[in-house]
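**Student:** My structure file my_file_39.txt, compact mmCIF, C-alpha atoms, is below:
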# COMPACT_ATOMS: atom_id res chain seq x y z
CA MET I 1 0.00 0.00 0.00
CA ASN I 2 0.99 3.64 -0.35
CA SER I 3 2.96 5.41 2.37
CA ARG I 4 1.48 8.36 4.27
CA HIS I 5 3.69 10.68 2.21
CA GLN I 6 2.33 9.18 -1.03
CA GLN I 7 -1.23 9.50 0.24
CA LEU I 8 -0.73 13.18 1.07
CA ASP I 9 0.90 13.77 -2.33
CA ALA I 10 -2.10 12.18 -4.05
CA PHE I 11 -4.50 14.37 -2.07
CA GLY I 12 -2.46 17.46 -2.94
CA ARG I 13 -2.58 16.45 -6.60
CA LEU I 14 -6.39 16.27 -6.40
CA LEU I 15 -6.53 19.75 -4.84
CA ASP I 16 -4.32 21.11 -7.64
CA ILE I 17 -6.49 19.53 -10.32
CA MET I 18 -9.61 20.95 -8.69
CA ASP I 19 -8.08 24.44 -8.75
CA GLU I 20 -7.29 24.08 -12.43
CA LEU I 21 -10.70 22.70 -13.38
CA ARG I 22 -12.48 25.44 -11.47
CA GLU I 23 -10.45 28.02 -13.36
CA LYS I 24 -10.53 26.57 -16.88
CA CYS I 25 -13.42 24.10 -17.37
CA PRO I 26 -16.76 25.71 -18.36
CA TRP I 27 -18.80 23.01 -16.59
CA ASP I 28 -16.78 23.03 -13.37
CA LYS I 29 -16.77 26.84 -13.26
CA LYS I 30 -20.55 26.87 -13.39
CA GLN I 31 -21.20 24.54 -10.45
CA THR I 32 -22.52 25.69 -7.08
CA LEU I 33 -23.23 23.97 -3.78
CA GLN I 34 -26.84 23.62 -4.90
CA THR I 35 -26.14 22.16 -8.35
CA LEU I 36 -23.76 19.57 -6.90
CA ARG I 37 -26.13 18.42 -4.16
CA HIS I 38 -28.18 15.89 -6.15
CA LEU I 39 -25.03 14.56 -7.82
CA THR I 40 -23.45 13.98 -4.41
CA ILE I 41 -26.52 12.05 -3.26
CA GLU I 42 -26.32 9.93 -6.41
CA GLU I 43 -22.63 9.22 -5.84
CA THR I 44 -23.35 8.21 -2.25
CA TYR I 45 -25.94 5.68 -3.39
CA GLU I 46 -23.53 4.32 -5.98
CA LEU I 47 -20.97 3.81 -3.21
CA GLY I 48 -23.66 2.05 -1.18
CA ASP I 49 -24.39 -0.29 -4.09
CA ALA I 50 -20.71 -1.15 -4.47
CA ILE I 51 -20.45 -1.92 -0.75
CA LEU I 52 -23.53 -4.16 -0.85
CA ASP I 53 -22.06 -6.00 -3.84
CA ASN I 54 -18.72 -6.28 -1.99
CA ASN I 55 -17.05 -5.01 -5.15
CA LEU I 56 -13.89 -3.48 -3.72
CA GLU I 57 -12.70 -2.11 -7.06
CA GLU I 58 -15.98 -0.21 -7.42
CA VAL I 59 -15.83 0.87 -3.76
CA LYS I 60 -12.45 2.46 -4.54
CA ASN I 61 -13.81 4.18 -7.65
CA GLU I 62 -16.93 5.48 -5.92
CA LEU I 63 -14.90 6.73 -2.96
CA GLY I 64 -12.88 8.74 -5.47
CA ASP I 65 -16.04 10.26 -6.92
CA LEU I 66 -17.28 11.16 -3.46
CA LEU I 67 -13.89 12.60 -2.46
CA LEU I 68 -13.98 14.77 -5.56
CA HIS I 69 -17.29 16.22 -4.40
CA ILE I 70 -15.89 17.00 -0.95
CA VAL I 71 -12.92 18.78 -2.52
CA PHE I 72 -15.29 20.58 -4.92
CA TYR I 73 -17.46 21.90 -2.07
CA ALA I 74 -14.38 23.05 -0.17
CA LYS I 75 -13.09 24.85 -3.27
CA ILE I 76 -16.41 26.67 -3.70
CA GLY I 77 -16.36 27.59 -0.01
CA SER I 78 -12.87 29.05 -0.34
CA GLU I 79 -13.96 31.34 -3.17
CA SER I 80 -16.20 33.28 -0.78
CA ASN I 81 -13.67 33.03 2.05
CA SER I 82 -16.15 30.90 4.00
CA PHE I 83 -14.01 27.79 4.47
CA ASP I 84 -11.41 25.71 2.65
CA MET I 85 -10.21 22.11 2.72
CA ALA I 86 -7.99 22.74 5.75
CA ASP I 87 -10.97 24.12 7.69
CA VAL I 88 -13.04 21.07 6.78
CA ALA I 89 -10.29 18.66 7.83
CA ASN I 90 -9.40 20.53 11.03
CA ASP I 91 -13.04 20.80 12.10
CA ILE I 92 -13.60 17.06 11.82
CA CYS I 93 -10.29 16.37 13.58
CA ASP I 94 -11.27 18.64 16.47
CA LYS I 95 -14.71 17.02 16.65
CA LEU I 96 -13.27 13.49 16.70
CA ILE I 97 -10.83 14.38 19.49
CA HIS I 98 -13.58 16.06 21.53
CA ARG I 99 -16.00 13.16 21.10
CA HIS I 100 -13.44 10.48 21.97
CA PRO I 101 -12.45 11.42 25.53
CA HIS I 102 -11.76 7.72 26.18
CA ILE I 103 -8.88 8.02 23.68
CA TYR I 104 -7.77 11.65 24.05
CA GLY I 105 -8.84 12.22 27.66
CA ASP I 106 -9.25 10.41 30.95
CA VAL I 107 -12.73 8.92 30.41
CA VAL I 108 -12.98 5.15 30.83
CA VAL I 109 -15.54 3.15 28.84
CA ALA I 110 -16.50 -0.49 29.15
CA ASP I 111 -17.66 -1.17 25.62
CA GLU I 112 -18.95 0.16 22.29
CA GLU I 113 -22.35 0.97 23.80
CA GLU I 114 -20.85 3.37 26.33
CA VAL I 115 -18.90 5.06 23.52
CA LYS I 116 -22.17 5.71 21.64
CA GLN I 117 -23.92 6.99 24.78
CA ASN I 118 -21.05 9.38 25.54
CA TRP I 119 -21.13 10.57 21.91
CA GLU I 120 -24.79 11.61 22.21
CA LYS I 121 -24.23 13.28 25.59
CA LEU I 122 -21.32 15.29 24.20
CA LYS I 123 -23.40 16.43 21.24
CA LEU I 124 -26.04 17.78 23.64
CA LYS I 125 -23.33 19.62 25.58
CA GLU I 126 -22.20 21.19 22.30
CA GLY I 127 -25.52 23.01 22.09
CA LYS I 128 -27.88 20.59 20.37
CA LYS I 129 -31.33 20.74 21.97
CA SER I 130 -32.38 17.27 20.86
CA VAL I 131 -30.55 14.02 20.17
CA LEU I 132 -32.65 13.81 17.01
CA GLU I 133 -31.23 17.02 15.52
CA GLY I 134 -28.49 14.96 13.89
CA VAL I 135 -30.98 12.98 11.77
CA PRO I 136 -31.13 14.64 8.32
CA LYS I 137 -34.64 15.63 7.28
CA SER I 138 -34.06 14.49 3.69
CA LEU I 139 -33.08 10.91 4.58
CA PRO I 140 -35.25 8.19 3.01
CA ALA I 141 -37.94 7.18 5.53
CA LEU I 142 -36.56 3.67 6.12
CA VAL I 143 -33.05 4.93 6.87
CA LYS I 144 -34.43 7.81 8.94
CA ALA I 145 -36.47 5.45 11.14
CA SER I 146 -33.38 3.35 11.77
CA ARG I 147 -31.28 6.40 12.67
CA ILE I 148 -34.00 7.79 14.96
CA GLN I 149 -34.14 4.53 16.90
CA ASP I 150 -30.37 4.34 17.11
CA LYS I 151 -30.17 7.91 18.39
CA VAL I 152 -32.73 7.53 21.18
CA LYS I 153 -31.12 4.26 22.21
CA GLY I 154 -27.96 6.26 22.87
CA VAL I 155 -29.70 8.09 25.74
CA GLY I 156 -31.37 4.99 27.16
CA PHE I 157 -34.80 5.21 25.53
CA ASP I 158 -35.09 1.62 24.38
CA TRP I 159 -36.62 -1.78 24.95
CA GLU I 160 -34.73 -4.24 27.13
CA GLU I 161 -35.35 -7.55 25.36
CA PRO I 162 -36.03 -8.58 21.72
CA HIS I 163 -39.26 -10.37 22.67
CA GLN I 164 -40.69 -7.04 23.90
CA VAL I 165 -40.09 -5.52 20.48
CA TRP I 166 -41.64 -8.52 18.74
CA ASP I 167 -44.72 -8.18 20.99
CA LYS I 168 -44.93 -4.57 19.84
CA VAL I 169 -44.78 -5.70 16.20
CA GLN I 170 -47.69 -8.08 16.85
CA GLU I 171 -49.63 -5.30 18.58
CA GLU I 172 -49.12 -2.93 15.64
CA LEU I 173 -50.15 -5.64 13.15
CA SER I 174 -53.38 -6.19 15.09
CA GLU I 175 -54.12 -2.47 15.07
CA LEU I 176 -53.49 -2.39 11.32
CA GLN I 177 -55.94 -5.24 10.76
CA VAL I 178 -58.61 -3.37 12.71
CA GLU I 179 -58.25 -0.35 10.42
CA VAL I 180 -58.14 -2.54 7.29
CA ALA I 181 -61.44 -4.09 8.37
CA ALA I 182 -62.89 -0.62 9.00
CA GLY I 183 -61.71 0.58 5.58
CA ASN I 184 -60.33 3.89 6.86
CA GLN I 185 -57.56 4.74 4.40
CA ASP I 186 -55.91 7.44 6.49
CA LYS I 187 -55.80 5.30 9.63
CA MET I 188 -54.61 2.29 7.61
CA GLU I 189 -51.66 4.34 6.39
CA ALA I 190 -50.86 5.51 9.91
CA GLU I 191 -50.98 1.98 11.32
CA PHE I 192 -48.98 0.59 8.41
CA GLY I 193 -46.30 3.14 9.23
CA ASP I 194 -46.33 1.97 12.85
CA VAL I 195 -45.85 -1.63 11.68
CA LEU I 196 -42.85 -0.65 9.55
CA PHE I 197 -41.35 1.41 12.38
CA SER I 198 -41.69 -1.47 14.84
CA MET I 199 -40.23 -3.96 12.33
CA ILE I 200 -37.22 -1.69 11.82
CA ASN I 201 -36.83 -1.57 15.59
CA TYR I 202 -36.97 -5.37 15.76
CA ALA I 203 -34.32 -5.60 13.05
CA ARG I 204 -32.03 -3.49 15.22
CA PHE I 205 -32.40 -5.96 18.08
CA LEU I 206 -31.46 -8.76 15.68
CA ASN I 207 -28.40 -6.80 14.52
CA ILE I 208 -29.90 -6.56 11.03
CA ASN I 209 -29.59 -3.41 8.97
CA PRO I 210 -33.12 -3.01 7.54
CA GLU I 211 -31.95 -1.00 4.53
CA ASP I 212 -29.41 -3.71 3.60
CA ALA I 213 -31.97 -6.46 4.21
CA LEU I 214 -34.59 -4.83 1.98
CA GLU I 215 -32.07 -4.08 -0.75
CA ARG I 216 -30.94 -7.70 -0.63
CA THR I 217 -34.55 -8.75 -1.23
CA ASN I 218 -34.90 -6.17 -4.02
CA LYS I 219 -31.85 -7.62 -5.79
CA LYS I 220 -33.16 -11.17 -5.31
CA PHE I 221 -36.56 -10.25 -6.74
CA ILE I 222 -35.00 -8.48 -9.74
CA LYS I 223 -32.81 -11.47 -10.51
CA ARG I 224 -35.73 -13.90 -10.34
CA PHE I 225 -38.06 -11.69 -12.36
CA GLN I 226 -35.45 -11.18 -15.07
CA TYR I 227 -35.04 -14.96 -15.25
CA LEU I 228 -38.82 -15.18 -15.75
CA GLU I 229 -38.60 -12.58 -18.52
CA SER I 230 -35.78 -14.46 -20.25
CA LYS I 231 -37.80 -17.71 -20.20
CA ALA I 232 -40.84 -15.95 -21.62
CA GLU I 233 -38.65 -14.52 -24.40
CA GLN I 234 -37.30 -18.00 -25.19
CA LEU I 235 -40.89 -19.21 -25.56
CA GLY I 236 -41.71 -16.22 -27.75
CA LYS I 237 -44.60 -15.41 -25.45
CA PRO I 238 -45.06 -11.95 -23.85
CA LEU I 239 -45.36 -12.02 -20.07
CA MET I 240 -48.74 -10.31 -20.24
CA ASP I 241 -50.04 -13.26 -22.25
CA MET I 242 -48.87 -15.85 -19.71
CA THR I 243 -51.04 -17.05 -16.86
CA LEU I 244 -49.88 -16.73 -13.27
CA VAL I 245 -49.60 -20.53 -13.15
CA GLU I 246 -47.21 -20.48 -16.11
CA MET I 247 -45.19 -17.67 -14.60
CA ASP I 248 -45.01 -19.48 -11.29
CA VAL I 249 -43.25 -22.44 -12.91
CA PHE I 250 -40.34 -20.26 -13.99
CA TRP I 251 -40.41 -18.28 -10.75
CA ASN I 252 -39.91 -21.47 -8.78
CA GLU I 253 -37.09 -22.44 -11.13
CA ALA I 254 -35.42 -19.12 -10.38
CA LYS I 255 -35.81 -19.68 -6.64
CA ARG I 256 -34.17 -23.11 -6.88
CA MET I 257 -31.29 -21.55 -8.78
Using the file provided, produce a representation of the structure as structure tokens.
**Tutor:**
Amino acid sequence: MNSRHQQLDAFGRLLDIMDELREKCPWDKKQTLQTLRHLTIEETYELGDAILDNNLEEVKNELGDLLLHIVFYAKIGSESNSFDMADVANDICDKLIHRHPHIYGDVVVADEEEVKQNWEKLKLKEGKKSVLEGVPKSLPALVKASRIQDKVKGVGFDWEEPHQVWDKVQEELSELQVEVAAGNQDKMEAEFGDVLFSMINYARFLNINPEDALERTNKKFIKRFQYLESKAEQLGKPLMDMTLVEMDVFWNEAKRM
């Protein structure tokens, strides 16, 4: 692997290239924090895909794309004398030192859980009024629910045993069925949300990342459905002309594969 000196040289090279692109490239010159935002989100999801696929070559590539965006934002910030790359790096360094008193101070912790609890307490001391302030509003709902539950756990607001969470899932399912029977669309939606929230909570107690679990199922479904499509194409028969019984034959084949 590269030495620390080589790593710093590579980072300096990226900063130099960013300076040059910002000065000379029409597209790069035009970008703002706002125009880059959706591209950064896209790059983050692409990194997530590479991680789920355990494709380390793609993880490396996507990390590069994301690093470029970080450097780009810092460059834009420097142009208005708001902040530059050194400010970004120093701020996160200071934050890490402050929030790891068990490494850089005299605090003693027993395990990972105490580290997380101390982290949340320190954030409140830094001026945050709620432990939930750190949950981005624009997160997808599934990820947001998971982060909310993780945050409140950090201050002790949590169930004690997995079976308690599963009982809550059963309770929410029963309440959903009541509203389904009543046919109240608004209340059905509310109760369905409660079911999802409680299932995400249960996943946490099983040490399952719900986002990863659902994406794994998405990929599995896509693979099986595309197998079904390929079989239909081999038969020269459009899927819409096949019966569910016919489709199910190929679906079961895909499952066995």
**Student:** Once you count all atoms listed in the file, what closest atom pair and distance in Å to one decimal does each residue of range 137-186 of chain I within 7 Å of range 200-203 of chain I have, with rows by chain and rising residue number, as JSON lines?
**Tutor:**
{"residue": "I:Ser146", "atom": "CA", "partner": "I:Ile200", "partner_atom": "CA", "distance": 6.3}
{"residue": "I:Gln149", "atom": "CA", "partner": "I:Asn201", "partner_atom": "CA", "distance": 6.8}
{"residue": "I:Pro162", "atom": "CA", "partner": "I:Tyr202", "partner_atom": "CA", "distance": 6.8}
{"residue": "I:Val165", "atom": "CA", "partner": "I:Tyr202", "partner_atom": "CA", "distance": 5.7}
{"residue": "I:Trp166", "atom": "CA", "partner": "I:Tyr202", "partner_atom": "CA", "distance": 6.4}
**Student:** Record the distance separating CA of Ala254 in chain I and CA of Lys220 in chain I, expressed in Å with one decimal.
**Tutor:**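 Taking CA of Ala254 in chain I and CA of Lys220 in chain I, their separation equals 9.7 Å.
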**Student:** So which residues touch Leu67 in chain I within 10 Å, counting all atoms listed in the file, skipping near sequence neighbours fewer than 4 positions away, as a PyMOL selection string?
**Tutor:** chain I and resi 11+14+40+43+61-63+71-73
**Student:** In terms of the shortest atom-to-atom distance over all atoms listed in the file, which of I:Ile103, I:Leu132, I:Ile92, I:Met1 is closest to Asp150 in chain I?
**Tutor:**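 Looking at the shortest contact to Asp150 in chain I, the residue is I:Leu132.
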**Student:** Tell me, as a compact mmCIF listing (two decimals) with C-alpha atoms, in the coordinates of the input, which residues lie within 10 Å of range 193-197 of chain I, counting all atoms listed in the file; anything in the same chain fewer than 4 positions away does not count.
**Tutor:**
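Saved as result.txt:
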# COMPACT_ATOMS: atom_id res chain seq x y z
CA ALA I 141 -37.94 7.18 5.53
CA LEU I 142 -36.56 3.67 6.12
CA ALA I 145 -36.47 5.45 11.14
CA SER I 146 -33.38 3.35 11.77
CA GLN I 149 -34.14 4.53 16.90
CA LYS I 168 -44.93 -4.57 19.84
CA VAL I 169 -44.78 -5.70 16.20
CA GLN I 170 -47.69 -8.08 16.85
CA GLU I 171 -49.63 -5.30 18.58
CA GLU I 172 -49.12 -2.93 15.64
CA LEU I 173 -50.15 -5.64 13.15
CA SER I 174 -53.38 -6.19 15.09
CA GLU I 175 -54.12 -2.47 15.07
CA LEU I 176 -53.49 -2.39 11.32
CA LYS I 187 -55.80 5.30 9.63
CA MET I 188 -54.61 2.29 7.61
CA GLU I 189 -51.66 4.34 6.39
CA ASN I 201 -36.83 -1.57 15.59
CA TYR I 202 -36.97 -5.37 15.76
CA ALA I 203 -34.32 -5.60 13.05
**Student:** Restricting the calculation to all atoms listed in the file: of I:Met18, I:Leu36, I:Leu52, I:Leu66, which residue gets closest to Lys219 in chain I?
**Tutor:** I:Leu52
**Student:** In Å, how far is it from CA of Phe157 in chain I to CA of Glu120 in chain I?
**Tutor:**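 Taking CA of Phe157 in chain I as the start and CA of Glu120 in chain I as the end point, the length is 12.3 Å.
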**Student:** Please return as a PDB file with C-alpha atoms, in the frame of the given file every residue within 8 Å of (-18.0, 16.1, 28.0), taking into account all atoms listed in the file and the file's own coordinates.
**Tutor:**
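Wrote it out as part.pdb, contents follow:
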ATOM      1  CA  HIS I  98     -13.580  16.060  21.530  1.00  0.00           C
ATOM      2  CA  ARG I  99     -16.000  13.160  21.100  1.00  0.00           C
ATOM      3  CA  PRO I 101     -12.450  11.420  25.530  1.00  0.00           C
ATOM      4  CA  ASN I 118     -21.050   9.380  25.540  1.00  0.00           C
ATOM      5  CA  LYS I 121     -24.230  13.280  25.590  1.00  0.00           C
ATOM      6  CA  LEU I 122     -21.320  15.290  24.200  1.00  0.00           C
ATOM      7  CA  LYS I 125     -23.330  19.620  25.580  1.00  0.00           C
TER       8      LYS I 125
END
**Student:** May I ask for the distance between CA of Glu161 in chain I and CA of Phe205 in chain I, given in Å to one decimal place?
**Tutor:** 8.0 Å
**Student:** Any idea what's packed within 12 Å of range 237-242 of chain I, counting only C-alpha atoms, ignoring anything in its chain fewer than 5 positions away? Could you give it as a list in words?
**Tutor:**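 Result of the neighbour search: Phe225, Gln226, Tyr227, Leu228, Glu229, Ser230, Lys231, Ala232, Met247, Asp248, Val249 and Phe250 of chain I.
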**Student:** For a quick check of understanding, using all atoms listed in the file, which of I:Leu68, I:Met199, I:Leu56, I:Val131 has the smallest distance to Lys116 in chain I?
**Tutor:**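 Nearest candidate to Lys116 in chain I out of I:Leu68, I:Met199, I:Leu56, I:Val131: I:Val131.
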**Student:** Could you tell me which of I:Asp106, I:Glu112, I:Glu46, I:Asp19 comes closest to Ser78 in chain I if we count all atoms listed in the file?
**Tutor:**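 Between I:Asp106, I:Glu112, I:Glu46, I:Asp19, the residue approaching Ser78 in chain I most closely is I:Asp19.
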**Student:** Take range 244-255 of chain I, bring it up to all heavy atoms, and give me the output as a PDB file, in the frame of the given file.
**Tutor:**
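Result saved to rebuild-v3.pdb:
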ATOM      1  N   LEU I 244     -50.672 -16.733 -14.497  1.00  0.00           N
ATOM      2  CA  LEU I 244     -49.880 -16.730 -13.270  1.00  0.00           C
ATOM      3  C   LEU I 244     -49.320 -18.126 -12.981  1.00  0.00           C
ATOM      4  O   LEU I 244     -48.217 -18.259 -12.446  1.00  0.00           O
ATOM      5  CB  LEU I 244     -50.724 -16.252 -12.089  1.00  0.00           C
ATOM      6  CG  LEU I 244     -50.979 -14.735 -12.023  1.00  0.00           C
ATOM      7  CD1 LEU I 244     -51.921 -14.402 -10.876  1.00  0.00           C
ATOM      8  CD2 LEU I 244     -49.668 -13.971 -11.862  1.00  0.00           C
ATOM      9  N   VAL I 245     -50.071 -19.155 -13.348  1.00  0.00           N
ATOM     10  CA  VAL I 245     -49.600 -20.530 -13.150  1.00  0.00           C
ATOM     11  C   VAL I 245     -48.356 -20.791 -13.991  1.00  0.00           C
ATOM     12  O   VAL I 245     -47.371 -21.374 -13.524  1.00  0.00           O
ATOM     13  CB  VAL I 245     -50.709 -21.543 -13.499  1.00  0.00           C
ATOM     14  CG1 VAL I 245     -50.165 -22.976 -13.434  1.00  0.00           C
ATOM     15  CG2 VAL I 245     -51.882 -21.392 -12.536  1.00  0.00           C
ATOM     16  N   GLU I 246     -48.375 -20.317 -15.233  1.00  0.00           N
ATOM     17  CA  GLU I 246     -47.210 -20.480 -16.110  1.00  0.00           C
ATOM     18  C   GLU I 246     -46.012 -19.699 -15.586  1.00  0.00           C
ATOM     19  O   GLU I 246     -44.876 -20.183 -15.581  1.00  0.00           O
ATOM     20  CB  GLU I 246     -47.568 -20.004 -17.534  1.00  0.00           C
ATOM     21  CG  GLU I 246     -48.540 -20.905 -18.264  1.00  0.00           C
ATOM     22  CD  GLU I 246     -48.951 -20.322 -19.613  1.00  0.00           C
ATOM     23  OE1 GLU I 246     -49.302 -19.123 -19.670  1.00  0.00           O
ATOM     24  OE2 GLU I 246     -48.915 -21.071 -20.610  1.00  0.00           O
ATOM     25  N   MET I 247     -46.272 -18.476 -15.152  1.00  0.00           N
ATOM     26  CA  MET I 247     -45.190 -17.670 -14.600  1.00  0.00           C
ATOM     27  C   MET I 247     -44.595 -18.316 -13.363  1.00  0.00           C
ATOM     28  O   MET I 247     -43.376 -18.285 -13.153  1.00  0.00           O
ATOM     29  CB  MET I 247     -45.707 -16.264 -14.238  1.00  0.00           C
ATOM     30  CG  MET I 247     -46.075 -15.377 -15.414  1.00  0.00           C
ATOM     31  SD  MET I 247     -46.526 -13.724 -14.804  1.00  0.00           S
ATOM     32  CE  MET I 247     -47.296 -13.020 -16.252  1.00  0.00           C
ATOM     33  N   ASP I 248     -45.470 -18.915 -12.561  1.00  0.00           N
ATOM     34  CA  ASP I 248     -45.010 -19.480 -11.290  1.00  0.00           C
ATOM     35  C   ASP I 248     -44.036 -20.637 -11.496  1.00  0.00           C
ATOM     36  O   ASP I 248     -43.161 -20.873 -10.662  1.00  0.00           O
ATOM     37  CB  ASP I 248     -46.223 -19.958 -10.473  1.00  0.00           C
ATOM     38  CG  ASP I 248     -45.929 -19.982  -8.980  1.00  0.00           C
ATOM     39  OD1 ASP I 248     -45.270 -19.051  -8.500  1.00  0.00           O
ATOM     40  OD2 ASP I 248     -46.341 -20.948  -8.300  1.00  0.00           O
ATOM     41  N   VAL I 249     -44.170 -21.343 -12.604  1.00  0.00           N
ATOM     42  CA  VAL I 249     -43.250 -22.440 -12.910  1.00  0.00           C
ATOM     43  C   VAL I 249     -41.824 -21.895 -13.023  1.00  0.00           C
ATOM     44  O   VAL I 249     -40.884 -22.427 -12.424  1.00  0.00           O
ATOM     45  CB  VAL I 249     -43.656 -23.151 -14.216  1.00  0.00           C
ATOM     46  CG1 VAL I 249     -42.579 -24.144 -14.640  1.00  0.00           C
ATOM     47  CG2 VAL I 249     -44.995 -23.861 -14.027  1.00  0.00           C
ATOM     48  N   PHE I 250     -41.664 -20.838 -13.792  1.00  0.00           N
ATOM     49  CA  PHE I 250     -40.340 -20.260 -13.990  1.00  0.00           C
ATOM     50  C   PHE I 250     -39.847 -19.528 -12.737  1.00  0.00           C
ATOM     51  O   PHE I 250     -38.648 -19.506 -12.456  1.00  0.00           O
ATOM     52  CB  PHE I 250     -40.348 -19.315 -15.200  1.00  0.00           C
ATOM     53  CG  PHE I 250     -40.669 -20.008 -16.489  1.00  0.00           C
ATOM     54  CD1 PHE I 250     -41.697 -19.558 -17.298  1.00  0.00           C
ATOM     55  CD2 PHE I 250     -39.932 -21.109 -16.893  1.00  0.00           C
ATOM     56  CE1 PHE I 250     -41.985 -20.199 -18.498  1.00  0.00           C
ATOM     57  CE2 PHE I 250     -40.203 -21.754 -18.084  1.00  0.00           C
ATOM     58  CZ  PHE I 250     -41.236 -21.302 -18.896  1.00  0.00           C
ATOM     59  N   TRP I 251     -40.783 -18.946 -11.999  1.00  0.00           N
ATOM     60  CA  TRP I 251     -40.410 -18.280 -10.750  1.00  0.00           C
ATOM     61  C   TRP I 251     -39.803 -19.278  -9.766  1.00  0.00           C
ATOM     62  O   TRP I 251     -38.790 -19.004  -9.127  1.00  0.00           O
ATOM     63  CB  TRP I 251     -41.636 -17.599 -10.142  1.00  0.00           C
ATOM     64  CG  TRP I 251     -41.323 -16.797  -8.913  1.00  0.00           C
ATOM     65  CD1 TRP I 251     -41.447 -17.203  -7.614  1.00  0.00           C
ATOM     66  CD2 TRP I 251     -40.808 -15.465  -8.866  1.00  0.00           C
ATOM     67  NE1 TRP I 251     -41.054 -16.205  -6.767  1.00  0.00           N
ATOM     68  CE2 TRP I 251     -40.654 -15.123  -7.508  1.00  0.00           C
ATOM     69  CE3 TRP I 251     -40.471 -14.532  -9.844  1.00  0.00           C
ATOM     70  CZ2 TRP I 251     -40.177 -13.879  -7.100  1.00  0.00           C
ATOM     71  CZ3 TRP I 251     -39.991 -13.296  -9.444  1.00  0.00           C
ATOM     72  CH2 TRP I 251     -39.848 -12.986  -8.081  1.00  0.00           C
ATOM     73  N   ASN I 252     -40.428 -20.442  -9.681  1.00  0.00           N
ATOM     74  CA  ASN I 252     -39.910 -21.470  -8.780  1.00  0.00           C
ATOM     75  C   ASN I 252     -38.567 -22.013  -9.261  1.00  0.00           C
ATOM     76  O   ASN I 252     -37.708 -22.379  -8.460  1.00  0.00           O
ATOM     77  CB  ASN I 252     -40.919 -22.611  -8.626  1.00  0.00           C
ATOM     78  CG  ASN I 252     -42.108 -22.204  -7.764  1.00  0.00           C
ATOM     79  OD1 ASN I 252     -41.970 -21.429  -6.824  1.00  0.00           O
ATOM     80  ND2 ASN I 252     -43.300 -22.697  -8.090  1.00  0.00           N
ATOM     81  N   GLU I 253     -38.394 -22.041 -10.580  1.00  0.00           N
ATOM     82  CA  GLU I 253     -37.090 -22.440 -11.130  1.00  0.00           C
ATOM     83  C   GLU I 253     -36.012 -21.442 -10.683  1.00  0.00           C
ATOM     84  O   GLU I 253     -34.909 -21.839 -10.275  1.00  0.00           O
ATOM     85  CB  GLU I 253     -37.138 -22.482 -12.666  1.00  0.00           C
ATOM     86  CG  GLU I 253     -37.801 -23.713 -13.242  1.00  0.00           C
ATOM     87  CD  GLU I 253     -37.725 -23.710 -14.755  1.00  0.00           C
ATOM     88  OE1 GLU I 253     -36.925 -22.914 -15.329  1.00  0.00           O
ATOM     89  OE2 GLU I 253     -38.463 -24.505 -15.390  1.00  0.00           O
ATOM     90  N   ALA I 254     -36.369 -20.171 -10.767  1.00  0.00           N
ATOM     91  CA  ALA I 254     -35.420 -19.120 -10.380  1.00  0.00           C
ATOM     92  C   ALA I 254     -35.069 -19.238  -8.900  1.00  0.00           C
ATOM     93  O   ALA I 254     -33.913 -19.059  -8.504  1.00  0.00           O
ATOM     94  CB  ALA I 254     -36.016 -17.747 -10.686  1.00  0.00           C
ATOM     95  N   LYS I 255     -36.059 -19.543  -8.076  1.00  0.00           N
ATOM     96  CA  LYS I 255     -35.810 -19.680  -6.640  1.00  0.00           C
ATOM     97  C   LYS I 255     -34.871 -20.854  -6.361  1.00  0.00           C
ATOM     98  O   LYS I 255     -33.990 -20.762  -5.496  1.00  0.00           O
ATOM     99  CB  LYS I 255     -37.138 -19.898  -5.905  1.00  0.00           C
ATOM    100  CG  LYS I 255     -38.013 -18.658  -5.829  1.00  0.00           C
ATOM    101  CD  LYS I 255     -39.381 -18.940  -5.224  1.00  0.00           C
ATOM    102  CE  LYS I 255     -39.291 -19.319  -3.771  1.00  0.00           C
ATOM    103  NZ  LYS I 255     -40.636 -19.484  -3.170  1.00  0.00           N
TER     104      LYS I 255
END
